[in-house]
>>> print(open('data00.cif').read())   # mmCIF, C-alpha atoms
data_run
loop_
_atom_site.label_atom_id
_atom_site.label_comp_id
_atom_site.auth_asym_id
_atom_site.auth_seq_id
_atom_site.Cartn_x
_atom_site.Cartn_y
_atom_site.Cartn_z
CA MET F 1 17.89 59.99 62.20
CA SER F 2 18.27 62.60 59.44
CA ASN F 3 18.94 66.25 60.11
CA GLU F 4 15.45 67.46 59.21
CA PHE F 5 14.17 65.91 62.44
CA LEU F 6 16.69 67.82 64.59
CA ARG F 7 15.62 71.09 66.19
CA MET F 8 16.73 73.45 68.94
CA VAL F 9 14.23 74.92 71.41
CA VAL F 10 15.08 78.13 73.25
CA GLU F 11 12.45 79.78 75.45
CA PRO F 12 12.13 81.40 78.90
CA GLY F 13 11.44 79.16 81.88
CA LEU F 14 11.56 75.37 81.94
CA SER F 15 8.32 73.40 81.75
CA GLU F 16 7.76 70.31 83.90
CA GLU F 17 7.90 68.16 80.76
CA ALA F 18 11.20 69.71 79.68
CA TYR F 19 12.60 69.41 83.22
CA LEU F 20 11.82 65.68 83.30
CA SER F 21 13.37 65.28 79.84
CA VAL F 22 16.59 66.90 81.10
CA LEU F 23 16.71 64.45 84.01
CA ASP F 24 16.10 61.53 81.64
CA LEU F 25 18.89 62.70 79.32
CA ALA F 26 21.24 63.03 82.32
CA LYS F 27 20.47 59.44 83.33
CA ARG F 28 21.22 58.16 79.83
CA CYS F 29 24.50 60.05 79.67
CA GLN F 30 25.57 59.03 83.17
CA LYS F 31 24.79 55.35 82.54
CA HIS F 32 26.79 55.37 79.31
CA ASP F 33 29.76 57.34 80.67
CA GLY F 34 29.84 56.00 84.22
CA LEU F 35 30.00 59.58 85.53
CA THR F 36 27.79 61.88 87.58
CA LEU F 37 27.01 65.13 85.78
CA LYS F 38 26.47 68.47 87.49
CA ILE F 39 23.26 69.95 86.10
CA ASN F 40 22.35 72.10 89.15
CA GLU F 41 19.08 70.23 89.53
CA PRO F 42 17.96 72.23 92.62
CA PHE F 43 17.80 75.37 90.50
CA LEU F 44 16.17 73.79 87.43
CA ARG F 45 12.86 73.45 89.26
CA THR F 46 12.59 77.18 89.83
CA ARG F 47 13.66 78.69 86.50
CA PRO F 48 12.34 82.27 86.10
CA ALA F 49 9.75 82.60 83.33
CA TYR F 50 11.15 85.96 82.19
CA GLU F 51 14.66 84.77 81.25
CA VAL F 52 16.24 82.28 78.86
CA ASN F 53 18.49 79.87 80.75
CA ASP F 54 17.89 76.53 79.03
CA PHE F 55 18.79 75.43 75.52
CA LEU F 56 17.28 72.14 74.37
CA TYR F 57 18.11 70.09 71.27
CA TYR F 58 15.59 67.50 70.07
CA ALA F 59 15.50 64.63 67.60
CA GLY F 60 11.78 64.40 67.03
CA ASP F 61 10.27 64.46 70.51
CA ARG F 62 13.38 63.04 72.18
CA LEU F 63 15.74 65.42 74.00
CA ILE F 64 19.27 64.66 72.80
CA GLY F 65 21.18 67.77 73.88
CA TYR F 66 20.97 70.26 76.71
CA LEU F 67 22.82 73.34 77.94
CA GLY F 68 21.83 75.25 81.08
CA LEU F 69 22.96 78.68 82.26
CA HIS F 70 23.44 79.60 85.93
CA GLN F 71 24.44 83.14 86.79
CA PHE F 72 25.65 83.61 90.38
CA GLN F 73 27.70 86.71 89.52
CA MET F 74 26.77 89.44 87.06
CA HIS F 75 30.01 89.27 85.05
CA GLU F 76 30.15 85.50 84.60
CA VAL F 77 27.80 82.63 83.71
CA GLU F 78 28.21 78.93 84.49
CA LEU F 79 27.30 76.45 81.75
CA THR F 80 26.43 72.80 82.29
CA GLY F 81 25.47 70.55 79.42
CA MET F 82 25.34 67.12 77.84
CA VAL F 83 24.62 65.31 74.58
CA ASP F 84 23.03 61.89 74.12
CA PRO F 85 25.83 59.35 73.45
CA ALA F 86 24.14 58.28 70.18
CA TYR F 87 24.27 61.85 68.81
CA ARG F 88 27.76 62.96 69.79
CA ARG F 89 30.40 64.27 67.35
CA ARG F 90 27.71 65.99 65.28
CA GLY F 91 28.35 69.53 66.53
CA ILE F 92 25.29 69.61 68.79
CA PHE F 93 27.11 70.83 71.88
CA SER F 94 28.94 73.48 69.86
CA ALA F 95 25.60 74.64 68.41
CA LEU F 96 24.11 74.90 71.91
CA VAL F 97 27.11 76.91 73.15
CA ALA F 98 26.96 79.24 70.13
CA GLU F 99 23.27 79.94 70.82
CA ALA F 100 23.96 80.51 74.52
CA ARG F 101 26.82 82.94 73.79
CA GLN F 102 24.41 85.43 72.26
CA GLU F 103 22.13 85.31 75.30
CA ILE F 104 25.10 85.71 77.66
CA TYR F 105 26.52 88.58 75.61
CA GLU F 106 23.19 90.42 75.77
CA ARG F 107 23.21 90.11 79.56
CA GLY F 108 26.51 91.95 79.70
CA ALA F 109 28.47 89.03 81.18
CA SER F 110 32.04 88.63 79.95
CA VAL F 111 33.18 85.24 81.28
CA LEU F 112 31.91 81.72 80.55
CA ILE F 113 32.48 79.00 83.16
CA PHE F 114 32.17 75.45 81.80
CA ILE F 115 31.83 72.53 84.21
CA THR F 116 32.83 68.92 83.54
CA PRO F 117 33.30 65.84 85.77
CA GLN F 118 36.94 65.56 86.81
CA GLU F 119 37.18 62.02 85.41
CA SER F 120 35.79 62.97 82.00
CA ILE F 121 38.70 63.05 79.55
CA SER F 122 36.36 63.60 76.60
CA GLY F 123 34.65 66.48 78.44
CA LYS F 124 37.97 68.24 78.99
CA HIS F 125 39.00 67.75 75.38
CA CYS F 126 35.66 69.14 74.21
CA LEU F 127 36.01 72.28 76.33
CA GLN F 128 39.60 72.78 75.28
CA SER F 129 38.53 72.53 71.63
CA LEU F 130 36.08 75.37 72.33
CA GLY F 131 38.97 77.51 73.59
CA ALA F 132 38.27 77.21 77.32
CA THR F 133 41.14 76.80 79.79
CA TYR F 134 41.23 75.02 83.15
CA SER F 135 40.58 77.29 86.15
CA PHE F 136 39.91 75.27 89.33
CA SER F 137 38.28 72.15 90.78
CA GLU F 138 35.40 71.77 93.21
CA TYR F 139 34.11 68.98 95.43
CA HIS F 140 30.43 68.09 95.71
CA MET F 141 29.74 66.97 99.28
CA GLN F 142 26.77 65.17 100.81
CA TRP F 143 25.61 65.19 104.46
CA ASP F 144 25.57 61.84 106.29
CA GLY F 145 22.20 62.46 107.96
CA ARG F 146 23.40 62.79 111.57
CA VAL F 147 22.77 66.05 113.42
CA ARG F 148 25.78 67.14 115.51
CA GLN F 149 25.50 68.90 118.85
CA ALA F 150 26.52 72.54 118.52
CA GLN F 151 28.79 74.13 121.11
CA PRO F 152 27.10 76.69 123.40
CA SER F 153 27.22 80.04 121.63
CA SER F 154 25.49 83.40 121.38
CA LEU F 155 25.47 82.95 117.60
CA THR F 156 22.09 83.29 115.86
CA LEU F 157 20.77 82.69 112.35
CA ARG F 158 18.37 85.37 111.13
CA SER F 159 16.52 85.18 107.85
CA ALA F 160 17.48 88.10 105.62
CA GLU F 161 14.42 90.18 104.84
CA GLY F 162 14.30 93.43 102.93
CA ASP F 163 16.87 95.31 100.91
CA GLU F 164 18.99 96.44 103.86
CA ASP F 165 19.52 92.84 104.97
CA PHE F 166 20.34 91.77 101.42
CA LYS F 167 22.90 94.58 101.21
CA ARG F 168 24.49 93.22 104.41
CA VAL F 169 24.57 89.74 102.86
CA ALA F 170 26.17 91.18 99.72
CA HIS F 171 28.77 93.12 101.71
CA ILE F 172 29.80 90.05 103.72
CA THR F 173 29.85 87.80 100.64
CA ALA F 174 31.94 90.32 98.69
CA ALA F 175 34.43 90.67 101.56
CA CYS F 176 34.81 86.91 101.98
CA PHE F 177 35.07 85.95 98.32
CA GLU F 178 36.81 89.08 96.99
CA MET F 179 33.87 90.15 94.85
CA ASP F 180 32.16 93.45 94.09
CA ALA F 181 29.41 94.16 96.66
CA GLU F 182 27.12 95.94 94.21
CA ASP F 183 27.52 93.07 91.74
CA VAL F 184 26.66 90.55 94.46
CA HIS F 185 23.62 92.56 95.59
CA THR F 186 22.26 92.73 92.04
CA SER F 187 22.77 88.99 91.63
CA ILE F 188 21.00 88.26 94.95
CA MET F 189 17.96 90.32 94.03
CA LYS F 190 17.81 88.76 90.59
CA SER F 191 18.16 85.15 91.77
CA SER F 192 15.45 85.16 94.44
CA VAL F 193 13.27 82.10 93.73
CA PRO F 194 10.81 79.94 95.70
CA GLY F 195 12.52 77.78 98.32
CA MET F 196 15.61 79.96 98.55
CA ASN F 197 16.45 81.60 101.85
CA ARG F 198 19.45 83.68 102.83
CA TYR F 199 20.52 84.01 106.44
CA LEU F 200 22.64 86.47 108.33
CA ILE F 201 24.89 84.84 110.92
CA GLU F 202 24.99 87.19 113.88
CA SER F 203 27.07 87.33 117.04
CA GLN F 204 25.54 89.50 119.74
CA GLY F 205 23.46 91.21 117.07
CA GLU F 206 26.44 91.91 114.80
CA PRO F 207 26.37 90.30 111.31
CA ILE F 208 29.55 88.24 110.94
CA GLY F 209 28.64 85.80 108.18
CA THR F 210 26.00 84.50 105.83
CA ILE F 211 24.65 81.26 104.40
CA ALA F 212 22.11 80.55 101.64
CA VAL F 213 19.76 77.56 101.49
CA GLN F 214 17.86 76.28 98.47
CA GLU F 215 15.17 73.84 99.67
CA ILE F 216 13.62 71.32 97.29
CA ASP F 217 10.31 69.53 97.89
CA GLN F 218 10.79 69.79 101.68
CA ARG F 219 13.20 66.82 101.52
CA GLU F 220 16.38 68.13 99.95
CA ALA F 221 18.48 71.24 100.43
CA PHE F 222 21.56 72.73 98.84
CA LEU F 223 23.80 75.09 100.84
CA PHE F 224 25.88 77.80 99.19
CA GLY F 225 27.42 81.20 99.80
CA PHE F 226 28.49 80.17 103.32
CA CYS F 227 31.19 82.39 104.82
CA ILE F 228 32.38 84.03 108.02
CA LEU F 229 34.18 87.39 108.01
CA GLU F 230 37.93 86.98 108.44
CA ALA F 231 38.05 88.78 111.81
CA TYR F 232 35.77 86.10 113.31
CA ARG F 233 37.41 82.99 111.87
CA GLY F 234 39.35 80.44 113.88
CA LYS F 235 36.91 80.63 116.81
CA GLY F 236 34.64 77.72 115.90
CA LEU F 237 31.82 80.04 114.83
CA GLY F 238 31.61 78.55 111.35
CA ARG F 239 31.03 75.10 112.81
CA VAL F 240 28.33 76.43 115.15
CA ALA F 241 26.57 78.22 112.30
CA LEU F 242 26.69 75.24 109.94
CA THR F 243 25.53 72.83 112.66
CA ALA F 244 22.63 75.15 113.51
CA THR F 245 21.63 75.37 109.84
CA ILE F 246 21.63 71.59 109.50
CA ALA F 247 19.61 71.21 112.71
CA GLN F 248 16.95 73.66 111.50
CA LEU F 249 16.63 71.88 108.17
CA SER F 250 16.47 68.48 109.83
CA GLU F 251 13.68 69.65 112.15
CA ARG F 252 11.67 70.65 109.07
CA GLY F 253 12.06 67.16 107.59
CA VAL F 254 14.96 67.77 105.21
CA SER F 255 16.98 64.56 104.97
CA SER F 256 19.35 65.24 102.07
CA ILE F 257 21.76 68.20 102.25
CA ALA F 258 24.54 68.95 99.78
CA LEU F 259 27.11 71.68 99.22
CA GLU F 260 30.17 72.40 97.11
CA VAL F 261 33.63 73.62 98.05
CA ALA F 262 36.75 74.56 96.09
CA ALA F 263 39.24 71.68 96.23
CA GLU F 264 42.08 73.97 97.37
CA ASN F 265 40.05 75.33 100.30
CA ARG F 266 41.36 72.82 102.85
CA ARG F 267 40.10 74.79 105.83
CA ALA F 268 36.49 74.75 104.60
CA LEU F 269 36.80 71.11 103.55
CA THR F 270 37.89 70.13 107.08
CA LEU F 271 34.98 72.10 108.56
CA TYR F 272 32.44 70.38 106.33
CA GLU F 273 33.87 66.94 107.01
CA GLY F 274 33.63 67.64 110.75
CA CYS F 275 29.94 68.47 110.32
CA GLY F 276 29.18 65.19 108.56
CA PHE F 277 29.77 65.97 104.89
CA SER F 278 31.83 63.75 102.62
CA VAL F 279 33.06 64.14 99.04
CA VAL F 280 30.96 62.23 96.51
CA ARG F 281 32.44 63.64 93.29
CA ALA F 282 34.68 66.34 91.85
CA ASN F 283 34.17 68.76 88.97
CA ASP F 284 36.68 70.74 86.95
CA TYR F 285 35.88 74.32 85.92
CA PHE F 286 37.09 75.81 82.63
CA LYS F 287 36.97 79.55 81.81
CA GLN F 288 36.58 81.42 78.57
CA SER F 289 36.36 85.18 78.01
CA LEU F 290 33.77 86.68 75.68
CA GLU F 291 35.88 89.79 75.20
#
>>> encode(input="data00.cif", output="structure tokens")
Amino acid sequence: MSNEFLRMVVEPGLSEEAYLSVLDLAKRCQKHDGLTLKINEPFLRTRPAYEVNDFLYYAGDRLIGYLGLHQFQMHEVELTGMVDPAYRRRGIFSALVAEARQEIYERGASVLIFITPQESISGKHCLQSLGATYSFSEYHMQWDGRVRQAQPSSLTLRSAEGDEDFKRVAHITAACFEMDAEDVHTSIMKSSVPGMNRYLIESQGEPIGTIAVQEIDQREAFLFGFCILEAYRGKGLGRVALTATIAQLSERGVSSIALEVAAENRRALTLYEGCGFSVVRANDYFKQSLE
């Protein structure tokens, strides 16, 4: 197909038609490459209408390239993308990244985080050609569907409501992941979307941890931001909190639960495996500075 039929579409939000086209493109790429791509599908269904996060490249009416932005911290943005196998080596991915850079720069972020399947040699070469360097690896884990019995505990999960609770969530998250609390709080307030709930994990009324849940169509859920303050670790409280979260979701009819964990975090990996999660794939993360 000649170049005059190629066009890029950049606009706030993600329509249902565009969302389905992204899923279809992912299926085509995954079938050709024999890999599972991370496109953060749980968050694609709730894209805010006031912000540009999706860059789409079409040949006629057919989506042939896609790049999505996901900002979980104010100073950095994650990028996930793909190009139809029949249209590769034409500079489409580079064009998508160049367009996204301007949007990211205007947000004030300074770091790009590219994600590629660990087995994808071509993906790594592509990112390296863009000047990105390897940073870390992460496992995507899936729950086996069996609810475990939690140990007796005074631990409770309380839905965070109001700014004071969100500040507590930000403080705990920042302490656990060595982040800036104000940065985390801003990100939390900005990323509030339908189906997302944040919980404070409390022991005798004292907040000691937090966990976030993104529910999808009352069947699927994605867990993230789970952490327990260092002073309370090693006492089995993380297992109790995670088991309680799974039980609550299961009672509401959620049957598919996923999460991600850094490959080097052996302690968390062991905890998740003990609660019924197993590794289904691994992704490599590459960083690039905008400065």
>>> resolve_selection(input="data00.cif", expression="the PyMOL selection byres ((chain F and resi 137) around 6)", output="list in words")
Phe136, Glu138, Ala263, Asn283, Asp284 and Tyr285 of chain F
>>> atom_distance(input="data00.cif", atom1="CA of Ala100 (chain F)", atom2="CA of Leu69 (chain F)")
8.0 Å
>>> resolve_selection(input="data00.cif", expression="the PyMOL selection byres ((chain F and resi 157) around 8)", output="number ranges by chain")
F: 155-156, 158-159, 199-202, 241, 244-245
>>> residues_around(input="data00.cif", residues="Arg28 (chain F)", least_positions_apart="6", cutoff="10 Å", atoms="all atoms listed in the file", output="list in words")
Val22, Gly34, Ile64, Val83, Asp84 and Pro85 of chain F
>>> write_last_selection(input="data00.cif", atoms="C-alpha atoms", output="PDB file, in the coordinates of the input")
ATOM      1  CA  VAL F  22      16.590  66.900  81.100  1.00  0.00           C
ATOM      2  CA  GLY F  34      29.840  56.000  84.220  1.00  0.00           C
ATOM      3  CA  ILE F  64      19.270  64.660  72.800  1.00  0.00           C
ATOM      4  CA  VAL F  83      24.620  65.310  74.580  1.00  0.00           C
ATOM      5  CA  ASP F  84      23.030  61.890  74.120  1.00  0.00           C
ATOM      6  CA  PRO F  85      25.830  59.350  73.450  1.00  0.00           C
TER       7      PRO F  85
END
>>> resolve_selection(input="data00.cif", expression="the PyMOL selection byres ((chain F and resi 7) around 6)", output="PyMOL selection string")
chain F and resi 6+8+57-58
>>> closest_residue(input="data00.cif", among="F:Gln102, F:Gln204, F:Gln30, F:Asn53", to="Glu11 (chain F)", atoms="only C-alpha atoms")
F:Asn53
>>> closest_residue(input="data00.cif", among="F:Val261, F:Met74, F:Val9, F:Leu14", to="Tyr139 (chain F)", atoms="only C-alpha atoms")
F:Val261
>>> residues_around(input="data00.cif", residues="Ser110 (chain F)", least_positions_apart="4", cutoff="10 Å", atoms="only C-alpha atoms", output="short mmCIF file (atom, residue, chain, number, x, y, z; two decimals) with C-alpha atoms, in the frame of the given file")
data_model
loop_
_atom_site.label_atom_id
_atom_site.label_comp_id
_atom_site.auth_asym_id
_atom_site.auth_seq_id
_atom_site.Cartn_x
_atom_site.Cartn_y
_atom_site.Cartn_z
CA MET F 74 26.77 89.44 87.06
CA HIS F 75 30.01 89.27 85.05
CA GLU F 76 30.15 85.50 84.60
CA VAL F 77 27.80 82.63 83.71
CA ARG F 101 26.82 82.94 73.79
CA ILE F 104 25.10 85.71 77.66
CA TYR F 105 26.52 88.58 75.61
CA GLU F 106 23.19 90.42 75.77
CA GLN F 288 36.58 81.42 78.57
CA SER F 289 36.36 85.18 78.01
CA LEU F 290 33.77 86.68 75.68
CA GLU F 291 35.88 89.79 75.20
#
>>> atom_distance(input="data00.cif", atom1="CA of Phe5 (chain F)", atom2="CA of Val52 (chain F)")
23.3 Å
>>> closest_residue(input="data00.cif", among="F:Ser94, F:Ser122, F:Asn40, F:Thr46", to="Gly65 (chain F)", atoms="all atoms listed in the file")
F:Ser94
>>> residues_near_point(input="data00.cif", point="(20.6, 91.5, 93.4)", cutoff="10 Å", atoms="only C-alpha atoms", output="ChimeraX atom specification")
/F:72-74,163,166-167,170,181-192
>>> closest_residue(input="data00.cif", among="F:Glu78, F:Asp165, F:Asp180, F:Glu99", to="Ile115 (chain F)", atoms="only C-alpha atoms")
F:Glu78
>>> atom_distance(input="data00.cif", atom1="CA of Leu37 (chain F)", atom2="CA of Thr270 (chain F)")
24.4 Å
>>> closest_residue(input="data00.cif", among="F:Phe222, F:Tyr272, F:Arg168, F:Val240", to="Pro207 (chain F)", atoms="only C-alpha atoms")
F:Arg168
>>> residues_around(input="data00.cif", residues="Tyr66 (chain F)", least_positions_apart="6", cutoff="6 Å", atoms="all atoms listed in the file", output="PyMOL selection string")
chain F and resi 55-56+81-82
>>> closest_residue(input="data00.cif", among="F:Cys275, F:Leu44, F:Leu242, F:Ile39", to="Phe224 (chain F)", atoms="only C-alpha atoms")
F:Leu242
>>> residues_around(input="data00.cif", residues="Cys227 (chain F)", least_positions_apart="3", cutoff="10 Å", atoms="only C-alpha atoms", output="MDAnalysis selection string")
chainID F and resid 172:173 175:177 201 208:212 224 230 233 238 241:242 268
